[in-house]
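Here is run_13.cif, consisting of mmCIF, C-alpha atoms:
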data_final
#
loop_
_atom_site.group_PDB
_atom_site.id
_atom_site.type_symbol
_atom_site.label_atom_id
_atom_site.label_comp_id
_atom_site.auth_asym_id
_atom_site.auth_seq_id
_atom_site.Cartn_x
_atom_site.Cartn_y
_atom_site.Cartn_z
ATOM 1 C CA MET A 1 -309.281 -247.035 -31.086
ATOM 2 C CA ASN A 2 -310.776 -244.019 -29.403
ATOM 3 C CA LYS A 3 -310.156 -240.534 -30.693
ATOM 4 C CA LYS A 4 -308.347 -238.713 -27.939
ATOM 5 C CA MET A 5 -307.294 -241.068 -25.114
ATOM 6 C CA VAL A 6 -303.970 -241.688 -26.836
ATOM 7 C CA THR A 7 -301.393 -239.333 -25.310
ATOM 8 C CA ILE A 8 -298.403 -241.690 -25.499
ATOM 9 C CA ILE A 9 -299.389 -243.340 -28.776
ATOM 10 C CA ALA A 10 -300.144 -240.031 -30.504
ATOM 11 C CA ALA A 11 -296.920 -238.445 -29.296
ATOM 12 C CA LEU A 12 -294.784 -241.341 -30.467
ATOM 13 C CA ALA A 13 -296.577 -241.482 -33.801
ATOM 14 C CA MET A 14 -295.991 -237.761 -34.303
ATOM 15 C CA CYS A 15 -292.286 -237.894 -33.579
ATOM 16 C CA THR A 16 -291.781 -241.092 -35.576
ATOM 17 C CA ALA A 17 -293.376 -239.414 -38.588
ATOM 18 C CA MET A 18 -291.107 -236.426 -38.104
ATOM 19 C CA ALA A 19 -288.082 -238.730 -37.989
ATOM 20 C CA GLY A 20 -289.022 -240.063 -41.401
ATOM 21 C CA CYS A 21 -289.153 -236.557 -42.794
ATOM 22 C CA THR A 22 -285.937 -235.244 -41.277
ATOM 23 C CA GLY A 23 -283.735 -238.235 -42.019
ATOM 24 C CA ASN A 24 -282.196 -240.217 -39.204
ATOM 25 C CA ASP A 25 -278.975 -241.701 -40.525
ATOM 26 C CA THR A 26 -277.327 -240.463 -37.352
ATOM 27 C CA ALA A 27 -280.187 -241.566 -35.123
ATOM 28 C CA SER A 28 -279.229 -242.506 -31.610
ATOM 29 C CA SER A 29 -278.948 -246.258 -31.212
ATOM 30 C CA SER A 30 -276.282 -246.702 -28.583
ATOM 31 C CA LYS A 31 -276.531 -245.648 -24.963
ATOM 32 C CA ALA A 32 -273.890 -242.967 -25.355
ATOM 33 C CA GLU A 33 -275.451 -241.534 -28.495
ATOM 34 C CA THR A 34 -278.899 -241.403 -26.876
ATOM 35 C CA THR A 35 -277.505 -239.570 -23.886
ATOM 36 C CA THR A 36 -275.830 -236.933 -26.017
ATOM 37 C CA THR A 37 -278.765 -236.557 -28.375
ATOM 38 C CA THR A 38 -281.583 -236.209 -25.895
ATOM 39 C CA THR A 39 -279.651 -234.150 -23.398
ATOM 40 C CA ALA A 40 -278.732 -231.534 -25.990
ATOM 41 C CA VAL A 41 -282.354 -230.648 -26.570
ATOM 42 C CA ALA A 42 -283.340 -231.297 -22.977
ATOM 43 C CA GLU A 43 -281.076 -228.392 -22.054
ATOM 44 C CA SER A 44 -282.760 -226.052 -24.524
ATOM 45 C CA ALA A 45 -286.263 -227.162 -23.542
ATOM 46 C CA ALA A 46 -285.705 -227.244 -19.793
ATOM 47 C CA PRO A 47 -287.814 -224.868 -17.675
ATOM 48 C CA ALA A 48 -286.197 -221.534 -16.924
ATOM 49 C CA GLU A 49 -286.211 -222.224 -13.192
ATOM 50 C CA SER A 50 -283.923 -225.216 -13.730
ATOM 51 C CA THR A 51 -281.070 -222.871 -14.615
ATOM 52 C CA ALA A 52 -281.967 -219.969 -12.358
ATOM 53 C CA ASP A 53 -279.764 -221.097 -9.490
ATOM 54 C CA SER A 54 -277.403 -223.610 -10.962
ATOM 55 C CA THR A 55 -274.684 -223.024 -8.378
ATOM 56 C CA SER A 56 -276.720 -223.606 -5.218
ATOM 57 C CA ALA A 57 -279.294 -226.173 -6.336
ATOM 58 C CA ASN A 58 -276.824 -229.002 -6.772
ATOM 59 C CA VAL A 59 -277.419 -231.173 -3.727
ATOM 60 C CA GLY A 60 -279.270 -233.761 -5.769
ATOM 61 C CA THR A 61 -276.517 -233.897 -8.365
ATOM 62 C CA THR A 62 -273.897 -234.397 -5.667
ATOM 63 C CA ASP A 63 -275.804 -237.274 -4.057
ATOM 64 C CA TYR A 64 -277.089 -238.949 -7.201
ATOM 65 C CA ASP A 65 -275.098 -241.928 -8.426
ATOM 66 C CA VAL A 66 -275.883 -242.923 -12.018
ATOM 67 C CA ASP A 67 -274.624 -246.436 -11.233
ATOM 68 C CA GLY A 68 -276.292 -246.668 -7.833
ATOM 69 C CA ASP A 69 -279.573 -248.189 -6.711
ATOM 70 C CA PHE A 70 -281.567 -245.009 -6.069
ATOM 71 C CA ARG A 71 -283.849 -243.854 -8.883
ATOM 72 C CA ALA A 72 -285.847 -240.636 -8.698
ATOM 73 C CA PHE A 73 -288.515 -242.251 -10.878
ATOM 74 C CA GLU A 74 -289.106 -244.984 -8.301
ATOM 75 C CA GLN A 75 -289.506 -242.348 -5.603
ATOM 76 C CA MET A 76 -292.054 -240.492 -7.741
ATOM 77 C CA LYS A 77 -293.782 -243.770 -8.612
ATOM 78 C CA ASP A 78 -294.228 -244.685 -4.954
ATOM 79 C CA LYS A 79 -295.900 -241.338 -4.347
ATOM 80 C CA TYR A 80 -298.059 -240.856 -7.431
ATOM 81 C CA GLU A 81 -298.604 -244.040 -9.439
ATOM 82 C CA GLY A 82 -302.324 -244.691 -9.823
ATOM 83 C CA ASN A 83 -303.279 -241.402 -8.194
ATOM 84 C CA TYR A 84 -302.122 -238.124 -9.718
ATOM 85 C CA LEU A 85 -303.118 -234.939 -11.490
ATOM 86 C CA ALA A 86 -300.442 -233.467 -13.745
ATOM 87 C CA ASN A 87 -300.322 -230.336 -15.885
ATOM 88 C CA LEU A 88 -297.806 -230.358 -18.729
ATOM 89 C CA THR A 89 -296.806 -227.937 -21.468
ATOM 90 C CA GLY A 90 -295.535 -229.163 -24.804
ATOM 91 C CA GLN A 91 -292.153 -227.956 -26.039
ATOM 92 C CA MET A 92 -290.349 -228.094 -29.376
ATOM 93 C CA SER A 93 -292.583 -229.877 -31.940
ATOM 94 C CA ASN A 94 -295.748 -229.510 -29.835
ATOM 95 C CA ASN A 95 -294.817 -226.118 -28.429
ATOM 96 C CA GLY A 96 -297.455 -224.460 -26.267
ATOM 97 C CA THR A 97 -299.946 -227.325 -26.147
ATOM 98 C CA LYS A 98 -301.348 -227.689 -22.640
ATOM 99 C CA TYR A 99 -302.043 -231.136 -21.213
ATOM 100 C CA THR A 100 -303.960 -232.042 -18.073
ATOM 101 C CA ILE A 101 -303.880 -235.695 -17.075
ATOM 102 C CA CYS A 102 -305.677 -237.221 -14.107
ATOM 103 C CA ILE A 103 -305.341 -240.905 -13.203
ATOM 104 C CA LYS A 104 -306.948 -242.824 -10.335
ATOM 105 C CA ASP A 105 -308.163 -246.385 -9.770
ATOM 106 C CA GLY A 106 -308.251 -247.312 -13.450
ATOM 107 C CA LYS A 107 -310.065 -244.097 -14.367
ATOM 108 C CA ALA A 108 -308.605 -241.319 -16.485
ATOM 109 C CA TYR A 109 -309.138 -237.741 -17.612
ATOM 110 C CA GLN A 110 -307.064 -236.187 -20.351
ATOM 111 C CA ALA A 111 -307.443 -232.641 -21.660
ATOM 112 C CA LEU A 112 -305.578 -230.896 -24.467
ATOM 113 C CA THR A 113 -305.686 -227.169 -25.043
ATOM 114 C CA VAL A 114 -304.296 -225.974 -28.364
ATOM 115 C CA GLN A 115 -304.416 -222.246 -29.136
ATOM 116 C CA GLY A 116 -307.122 -221.795 -26.545
ATOM 117 C CA MET A 117 -309.291 -224.636 -27.876
ATOM 118 C CA LYS A 118 -309.878 -227.348 -25.279
ATOM 119 C CA SER A 119 -310.921 -230.937 -25.848
ATOM 120 C CA TYR A 120 -310.939 -233.716 -23.324
ATOM 121 C CA THR A 121 -311.685 -237.386 -22.824
ATOM 122 C CA VAL A 122 -312.992 -239.018 -19.680
ATOM 123 C CA CYS A 123 -312.691 -242.712 -18.875
ATOM 124 C CA PRO A 124 -314.887 -242.898 -15.725
ATOM 125 C CA GLY A 125 -314.832 -246.656 -15.349
ATOM 126 C CA ASP A 126 -318.348 -247.326 -16.645
ATOM 127 C CA GLY A 127 -317.194 -249.073 -19.818
ATOM 128 C CA LYS A 128 -317.407 -245.912 -21.918
ATOM 129 C CA LEU A 129 -315.098 -243.160 -23.178
ATOM 130 C CA TYR A 130 -316.512 -239.655 -23.376
ATOM 131 C CA ASN A 131 -314.815 -237.419 -25.963
ATOM 132 C CA VAL A 132 -315.767 -233.760 -25.581
ATOM 133 C CA SER A 133 -314.806 -230.718 -27.646
ATOM 134 C CA GLU A 134 -315.465 -227.380 -26.006
ATOM 135 C CA GLY A 135 -314.506 -225.588 -29.209
ATOM 136 C CA THR A 136 -317.212 -227.231 -31.326
ATOM 137 C CA THR A 137 -319.517 -228.073 -28.364
ATOM 138 C CA THR A 138 -319.771 -231.646 -29.598
ATOM 139 C CA TYR A 139 -319.183 -235.036 -28.014
ATOM 140 C CA SER A 140 -318.939 -238.711 -28.845
ATOM 141 C CA ILE A 141 -319.141 -241.842 -26.720
ATOM 142 C CA GLU A 142 -317.162 -244.995 -27.389
ATOM 143 C CA ASP A 143 -316.714 -248.356 -25.745
ATOM 144 C CA ASP A 144 -313.819 -248.783 -23.341
ATOM 145 C CA ASP A 145 -312.075 -252.149 -23.109
ATOM 146 C CA GLY A 146 -310.872 -251.342 -19.614
ATOM 147 C CA ASN A 147 -307.284 -250.600 -20.635
ATOM 148 C CA GLN A 148 -307.576 -247.263 -22.436
ATOM 149 C CA TRP A 149 -306.661 -245.328 -19.315
ATOM 150 C CA LYS A 150 -303.110 -246.704 -19.575
ATOM 151 C CA SER A 151 -302.573 -244.801 -22.845
ATOM 152 C CA ALA A 152 -303.416 -241.566 -21.044
ATOM 153 C CA ASP A 153 -301.104 -242.355 -18.129
ATOM 154 C CA ILE A 154 -298.086 -240.635 -19.626
ATOM 155 C CA LEU A 155 -296.011 -240.823 -16.448
ATOM 156 C CA PHE A 156 -296.341 -244.523 -15.651
ATOM 157 C CA GLY A 157 -298.614 -246.312 -18.133
ATOM 158 C CA ALA A 158 -295.969 -247.430 -20.635
ATOM 159 C CA THR A 159 -292.767 -247.314 -18.583
ATOM 160 C CA LEU A 160 -290.750 -250.521 -18.370
ATOM 161 C CA ASP A 161 -287.202 -251.152 -17.180
ATOM 162 C CA PHE A 162 -284.522 -248.611 -16.352
ATOM 163 C CA ASP A 163 -281.860 -248.176 -19.032
ATOM 164 C CA HIS A 164 -279.409 -245.528 -17.841
ATOM 165 C CA ALA A 165 -279.099 -242.110 -16.206
ATOM 166 C CA TYR A 166 -277.294 -238.896 -17.025
ATOM 167 C CA ILE A 167 -276.577 -235.826 -14.887
ATOM 168 C CA ASP A 168 -276.592 -232.474 -16.653
ATOM 169 C CA THR A 169 -274.346 -230.319 -14.491
ATOM 170 C CA THR A 170 -275.164 -227.214 -16.542
ATOM 171 C CA THR A 171 -278.873 -227.225 -15.677
ATOM 172 C CA ASN A 172 -278.611 -229.440 -12.571
ATOM 173 C CA VAL A 173 -281.105 -231.904 -13.973
ATOM 174 C CA VAL A 174 -280.960 -235.677 -13.531
ATOM 175 C CA HIS A 175 -282.169 -237.498 -16.660
ATOM 176 C CA GLU A 176 -283.364 -241.089 -16.208
ATOM 177 C CA TYR A 177 -284.016 -243.212 -19.299
ATOM 178 C CA TYR A 178 -286.590 -246.039 -19.320
ATOM 179 C CA ASN A 179 -287.744 -248.328 -22.105
ATOM 180 C CA LEU A 180 -291.332 -248.103 -23.304
ATOM 181 C CA ASP A 181 -293.901 -250.887 -23.358
ATOM 182 C CA SER A 182 -294.838 -250.978 -27.035
ATOM 183 C CA SER A 183 -298.138 -252.735 -26.264
ATOM 184 C CA VAL A 184 -299.247 -249.523 -24.534
ATOM 185 C CA SER A 185 -297.255 -246.840 -26.371
ATOM 186 C CA GLY A 186 -297.856 -248.250 -29.835
ATOM 187 C CA GLY A 187 -294.165 -248.167 -30.727
ATOM 188 C CA GLU A 188 -290.672 -248.930 -29.465
ATOM 189 C CA GLY A 189 -288.672 -246.216 -27.779
ATOM 190 C CA GLN A 190 -287.740 -244.610 -24.496
ATOM 191 C CA ILE A 191 -289.223 -242.167 -22.030
ATOM 192 C CA VAL A 192 -286.804 -239.782 -20.350
ATOM 193 C CA TYR A 193 -287.634 -238.162 -17.011
ATOM 194 C CA GLY A 194 -285.853 -234.963 -16.008
ATOM 195 C CA PHE A 195 -285.662 -234.366 -12.248
ATOM 196 C CA ASP A 196 -284.493 -231.346 -10.286
ATOM 197 C CA SER A 197 -281.155 -232.415 -8.831
ATOM 198 C CA ALA A 198 -281.790 -230.807 -5.447
ATOM 199 C CA THR A 199 -285.361 -231.936 -4.790
ATOM 200 C CA TYR A 200 -285.891 -234.719 -7.355
ATOM 201 C CA ASP A 201 -289.129 -233.040 -8.377
ATOM 202 C CA LEU A 202 -290.149 -233.947 -11.917
ATOM 203 C CA LYS A 203 -289.408 -231.098 -14.340
ATOM 204 C CA GLN A 204 -289.541 -232.635 -17.814
ATOM 205 C CA VAL A 205 -290.732 -235.688 -19.760
ATOM 206 C CA VAL A 206 -289.308 -236.635 -23.159
ATOM 207 C CA LEU A 207 -290.695 -239.297 -25.510
ATOM 208 C CA LEU A 208 -288.002 -240.634 -27.811
ATOM 209 C CA PRO A 209 -289.069 -243.241 -30.397
ATOM 210 C CA GLU A 210 -286.712 -245.985 -31.504
ATOM 211 C CA GLY A 211 -284.296 -244.760 -34.162
ATOM 212 C CA ALA A 212 -285.179 -241.084 -33.739
ATOM 213 C CA ASP A 213 -282.867 -238.173 -33.069
ATOM 214 C CA GLU A 214 -283.439 -235.082 -30.950
ATOM 215 C CA SER A 215 -285.271 -233.193 -33.706
ATOM 216 C CA SER A 216 -288.134 -235.677 -33.662
ATOM 217 C CA ALA A 217 -288.530 -236.314 -29.940
ATOM 218 C CA VAL A 218 -291.519 -234.897 -28.058
ATOM 219 C CA TYR A 219 -290.859 -232.756 -24.988
ATOM 220 C CA PHE A 220 -293.080 -231.728 -22.098
ATOM 221 C CA THR A 221 -292.305 -229.472 -19.177
ATOM 222 C CA VAL A 222 -294.106 -230.363 -15.961
ATOM 223 C CA ASP A 223 -296.006 -227.380 -14.586
ATOM 224 C CA SER A 224 -297.478 -229.192 -11.575
ATOM 225 C CA ILE A 225 -298.177 -232.636 -10.176
ATOM 226 C CA GLY A 226 -300.299 -233.655 -7.217
ATOM 227 C CA GLU A 227 -303.053 -236.000 -6.118
ATOM 228 C CA ALA A 228 -305.938 -236.838 -8.447
ATOM 229 C CA ASP A 229 -309.074 -234.696 -8.552
ATOM 230 C CA ASP A 230 -312.084 -237.022 -8.359
ATOM 231 C CA SER A 231 -314.380 -234.437 -9.927
ATOM 232 C CA LEU A 232 -312.525 -234.768 -13.242
ATOM 233 C CA LEU A 233 -313.125 -238.520 -13.345
ATOM 234 C CA ALA A 234 -316.918 -238.422 -13.237
ATOM 235 C CA VAL A 235 -319.206 -238.851 -16.248
ATOM 236 C CA PRO A 236 -319.251 -235.366 -17.829
ATOM 237 C CA ASP A 237 -322.366 -233.220 -18.073
ATOM 238 C CA LEU A 238 -323.139 -233.241 -21.789
ATOM 239 C CA SER A 239 -326.390 -231.278 -21.669
ATOM 240 C CA ALA A 240 -324.859 -228.293 -23.484
ATOM 241 C CA TYR A 241 -323.181 -230.415 -26.176
ATOM 242 C CA THR A 242 -324.337 -231.983 -29.441
ATOM 243 C CA LYS A 243 -323.613 -235.615 -30.195
ATOM 244 C CA GLU A 244 -321.435 -236.193 -33.259
#
For the file at hand, write its structure as structure tokens.
Amino acid sequence: MNKKMVTIIAALAMCTAMAGCTGNDTASSSKAETTTTTTAVAESAAPAESTADSTSANVGTTDYDVDGDFRAFEQMKDKYEGNYLANLTGQMSNNGTKYTICIKDGKAYQALTVQGMKSYTVCPGDGKLYNVSEGTTTYSIEDDDGNQWKSADILFGATLDFDHAYIDTTTNVVHEYYNLDSSVSGGEGQIVYGFDSATYDLKQVVLLPEGADESSAVYFTVDSIGEADDSLLAVPDLSAYTKE
């Protein structure tokens, strides 16, 4: 297992460990319990702009049918799957951590910035993984089995079937719940996408491991999402770095 190309796995492992420490006798297991649990913290972690105009930005909520056929995730998937650059900010348990994820054609770039210290991993499709730490100016190179990029693809890499949806009329956010592919994520659970109800733009991603409650979920706000940047997916220049 490589050191850093493990966004989904690492996040689930972190929140599962937290669940063991906090006690989860009341962990959400039913659909109704999961909705209540995750939504409660989704409201507190939602971006400020989601609540800035809650009275006018409700077109999406009016049109969205939780029992209908339309899914905002499918719309986003059609536009960005296999070709996107996303910037996320951790909330709650990973508060303030910055994530940059770039996915294209089976290649991946993933960067984490914690307290100003940046490290990143590149999977450029040459059979290798390049782990680089700007803080320590060191790097390591590992073999890639061709599937490691899926672990970095936090938006689509481990998402399976749709479970249910919930509309938060307070923040005007549509929450869609999907089951996780444990072969990619490293554990059972769900991923929850929070979409702006008026535009269906992605605003939040929540990773909720099986048997966990809201205190041990991992939350990300979505700062931006667009097409992939090819320059991030190239073999990095390591001339200024020391091999570990």
Excluding same-chain residues fewer than 2 positions from range 74-84 of chain A, what lies within 7 Å of it counting only C-alpha atoms, as a PDB file with C-alpha atoms, in the coordinates of the input?
ATOM      1  CA  ARG A  71    -283.849-243.854  -8.883  1.00  0.00           C
ATOM      2  CA  ALA A  72    -285.847-240.636  -8.698  1.00  0.00           C
ATOM      3  CA  ALA A  86    -300.442-233.467 -13.745  1.00  0.00           C
ATOM      4  CA  CYS A 102    -305.677-237.221 -14.107  1.00  0.00           C
ATOM      5  CA  ILE A 103    -305.341-240.905 -13.203  1.00  0.00           C
ATOM      6  CA  LYS A 104    -306.948-242.824 -10.335  1.00  0.00           C
ATOM      7  CA  ASP A 105    -308.163-246.385  -9.770  1.00  0.00           C
ATOM      8  CA  PHE A 156    -296.341-244.523 -15.651  1.00  0.00           C
ATOM      9  CA  ILE A 225    -298.177-232.636 -10.176  1.00  0.00           C
ATOM     10  CA  GLY A 226    -300.299-233.655  -7.217  1.00  0.00           C
ATOM     11  CA  GLU A 227    -303.053-236.000  -6.118  1.00  0.00           C
ATOM     12  CA  ALA A 228    -305.938-236.838  -8.447  1.00  0.00           C
TER      13      ALA A 228
END
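As for CA of Val184 in chain A and CA of Asp144 in chain A, they are spaced 14.6 Å apart.
If only C-alpha atoms are the atoms counted, then among A:Asp163, A:Glu244, A:Asp168, A:Glu188 the closest residue to Tyr64 in chain A is A:Asp168.
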Could you list the residues chosen by the PyMOL selection byres ((chain A and resi 183) around 12) in this structure as number ranges by chain? A: 8-9, 147-148, 150-151, 157-160, 180-182, 184-189
List the residues selected by the PyMOL selection byres ((chain A and resi 117) around 12) in the file shown, writing them as a PyMOL selection string. chain A and resi 96-99+111-116+118-120+132-137
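Near Gln190 in chain A, within 8 Å and counting only C-alpha atoms, sit A:Tyr177, A:Tyr178, A:Asn179, A:Leu180, A:Leu207, A:Leu208, A:Pro209, A:Glu210, not including residues fewer than 6 positions from it in the same chain.
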Between CA of Leu155 in chain A and CA of Leu202 in chain A - distance in Å to one decimal: 10.1 Å
Evaluate the PyMOL selection byres ((chain A and resi 127) around 12) and record the selected residues as a compact mmCIF listing (two decimals) with C-alpha atoms, in the frame of the given file, following the chain and residue labels used in the document.
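Output saved as result.txt:
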# COMPACT_ATOMS: atom_id res chain seq x y z
CA GLY A 106 -308.25 -247.31 -13.45
CA LYS A 107 -310.06 -244.10 -14.37
CA VAL A 122 -312.99 -239.02 -19.68
CA CYS A 123 -312.69 -242.71 -18.88
CA PRO A 124 -314.89 -242.90 -15.72
CA GLY A 125 -314.83 -246.66 -15.35
CA ASP A 126 -318.35 -247.33 -16.64
CA LYS A 128 -317.41 -245.91 -21.92
CA LEU A 129 -315.10 -243.16 -23.18
CA TYR A 130 -316.51 -239.66 -23.38
CA ILE A 141 -319.14 -241.84 -26.72
CA GLU A 142 -317.16 -245.00 -27.39
CA ASP A 143 -316.71 -248.36 -25.74
CA ASP A 144 -313.82 -248.78 -23.34
CA ASP A 145 -312.08 -252.15 -23.11
CA GLY A 146 -310.87 -251.34 -19.61
CA ASN A 147 -307.28 -250.60 -20.64
CA GLN A 148 -307.58 -247.26 -22.44
CA TRP A 149 -306.66 -245.33 -19.32
CA VAL A 235 -319.21 -238.85 -16.25
Could you check the closest approach to Ser224 in chain A for each of A:Thr170, A:Gln204, A:Asn131, A:Thr138 and tell me which residue wins, using all atoms listed in the file? A:Gln204
Point out the residue among A:Asp213, A:Asp153, A:Asp196, A:Asp229 with the least atom-to-atom distance to Val173 in chain A, counting only C-alpha atoms.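 Looking at the shortest contact to Val173 in chain A, the residue is A:Asp196.
For the pair CA of Asp63 in chain A and CA of Asn87 in chain A, the separation is 28.1 Å.
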Please determine, counting all atoms listed in the file, which residue among A:Asn172, A:Tyr139, A:Gly211, A:Ala152 has the shortest atom-to-atom distance to Ser197 in chain A. A:Asn172
Could you check which of A:Asp230, A:Asp65, A:Val222, A:Ser216 is closest to Ile167 in chain A, using all atoms listed in the file?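 Using all atoms listed in the file, Ile167 in chain A sits closest to A:Asp65.
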